[in-house]
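**Q** What follows is upload04.cif; its format and atoms are mmCIF, C-alpha atoms.
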```
data_protein
#
loop_
_atom_site.label_atom_id
_atom_site.label_comp_id
_atom_site.auth_asym_id
_atom_site.auth_seq_id
_atom_site.Cartn_x
_atom_site.Cartn_y
_atom_site.Cartn_z
CA TYR E 163 205.98 190.21 85.71
CA THR E 164 203.34 189.18 83.20
CA LEU E 165 202.05 191.03 80.17
CA ASP E 166 198.37 191.00 79.41
CA PRO E 167 197.53 188.87 76.34
CA SER E 168 197.02 191.78 73.93
CA THR E 169 200.35 193.40 74.84
CA ARG E 170 202.14 190.06 74.61
CA PHE E 171 200.57 189.48 71.21
CA LEU E 172 201.66 192.91 70.01
CA VAL E 173 205.26 192.37 71.19
CA LEU E 174 205.39 188.91 69.62
CA SER E 175 203.98 190.31 66.40
CA MET E 176 206.66 192.99 66.25
CA VAL E 177 209.46 190.50 66.92
CA TYR E 178 207.94 188.10 64.43
CA LEU E 179 207.69 190.76 61.72
CA TYR E 180 211.24 191.92 62.43
CA LEU E 181 212.59 188.40 62.05
CA LEU E 182 210.44 187.81 59.00
CA VAL E 183 211.80 190.91 57.25
CA THR E 184 215.43 190.58 58.27
CA SER E 185 216.23 186.90 58.08
CA ASP E 186 216.25 184.74 54.97
CA LEU E 187 217.05 181.69 57.04
CA PHE E 188 214.09 182.48 59.26
CA ASN E 189 211.90 182.78 56.17
CA ILE E 190 212.95 179.33 55.00
CA LEU E 191 212.47 177.72 58.41
CA HIS E 192 209.23 179.60 58.96
CA GLY E 193 207.87 178.52 55.59
CA TYR E 194 208.75 174.91 56.32
CA PHE E 195 207.36 174.98 59.86
CA VAL E 196 204.15 176.78 58.93
CA GLY E 197 203.67 174.49 55.95
CA ARG E 198 203.97 171.45 58.20
CA VAL E 199 201.89 172.75 61.11
CA PHE E 200 199.13 174.54 59.22
CA GLY E 201 199.03 171.84 56.56
CA SER E 202 198.31 169.18 59.17
CA LYS E 203 195.88 171.44 61.04
CA CYS E 204 193.97 172.18 57.85
CA LEU E 205 193.76 168.47 57.08
CA VAL E 206 192.41 167.78 60.55
CA MET E 207 189.89 170.61 60.26
CA LEU E 208 188.78 169.33 56.84
CA ARG E 209 188.32 165.83 58.20
CA VAL E 210 186.33 167.09 61.17
CA THR E 211 184.15 169.27 58.93
CA LEU E 212 183.55 166.46 56.46
CA PHE E 213 182.79 164.03 59.27
CA ARG E 214 180.28 166.43 60.84
CA SER E 215 178.57 167.19 57.54
CA THR E 216 178.18 163.52 56.62
CA HIS E 217 177.01 162.29 60.05
#
```
Once you've parsed the file, please lay out its structure as structure tokens.
**A**
Amino acid sequence: YTLDPSTRFLVLSMVYLYLLVTSDLFNILHGYFVGRVFGSKCLVMLRVTLFRSTH
């Protein structure tokens, strides 16, 4: 049994929002995790963009 991507996304979004609203611990962990992951991704993207624009 597999959900199509849009349905899966919707379900995950609902669960995600529920956790986000109800759990302080989740908020702390989420903030830390997102900070780490998106921080590093943004750095990589910046490097790639700078590299492309200068070469």
**Q** Expressed in Å to a single decimal, how great is the separation between atom CA of E:Phe188 and atom CA of E:Leu172?
**A**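 The value is 19.5 Å.
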**Q** Could you jot down the atom CA of E:Val196 to atom CA of E:Leu212 separation for me, Å, one decimal place?
**A**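 Going from atom CA of E:Val196 over to atom CA of E:Leu212, I get 23.2 Å.
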**Q** Can you work out the spacing between atom CA of E:Gly197 and atom CA of E:Tyr178 in Å, to one decimal?
**A**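 Spanning atom CA of E:Gly197 to atom CA of E:Tyr178 is a straight-line distance of 16.6 Å.
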**Q** So that I can look at just that part, could you write stretch 176-197 of chain E with C-alpha atoms, as a PDB file, in the first residue's frame?
**A**
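Here's the written file decode.pdb:
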```pdb
ATOM      1  CA  MET E 176      -0.467  17.378   9.209  1.00  0.00           C
ATOM      2  CA  VAL E 177       1.594  15.162  11.521  1.00  0.00           C
ATOM      3  CA  TYR E 178       4.429  17.655  11.386  1.00  0.00           C
ATOM      4  CA  LEU E 179       2.165  20.585  12.268  1.00  0.00           C
ATOM      5  CA  TYR E 180       0.536  18.585  15.058  1.00  0.00           C
ATOM      6  CA  LEU E 181       3.901  17.783  16.593  1.00  0.00           C
ATOM      7  CA  LEU E 182       5.093  21.327  16.072  1.00  0.00           C
ATOM      8  CA  VAL E 183       2.099  22.768  17.928  1.00  0.00           C
ATOM      9  CA  THR E 184       1.895  20.223  20.727  1.00  0.00           C
ATOM     10  CA  SER E 185       5.463  19.470  21.693  1.00  0.00           C
ATOM     11  CA  ASP E 186       7.958  21.877  23.207  1.00  0.00           C
ATOM     12  CA  LEU E 187      10.633  19.213  23.128  1.00  0.00           C
ATOM     13  CA  PHE E 188       9.918  18.660  19.456  1.00  0.00           C
ATOM     14  CA  ASN E 189      10.233  22.399  18.872  1.00  0.00           C
ATOM     15  CA  ILE E 190      13.663  22.436  20.492  1.00  0.00           C
ATOM     16  CA  LEU E 191      14.890  19.373  18.609  1.00  0.00           C
ATOM     17  CA  HIS E 192      13.331  20.604  15.384  1.00  0.00           C
ATOM     18  CA  GLY E 193      14.956  24.010  15.730  1.00  0.00           C
ATOM     19  CA  TYR E 194      18.332  22.404  16.354  1.00  0.00           C
ATOM     20  CA  PHE E 195      17.986  19.886  13.524  1.00  0.00           C
ATOM     21  CA  VAL E 196      16.686  22.402  10.995  1.00  0.00           C
ATOM     22  CA  GLY E 197      19.356  24.882  12.009  1.00  0.00           C
TER      23      GLY E 197
END
```
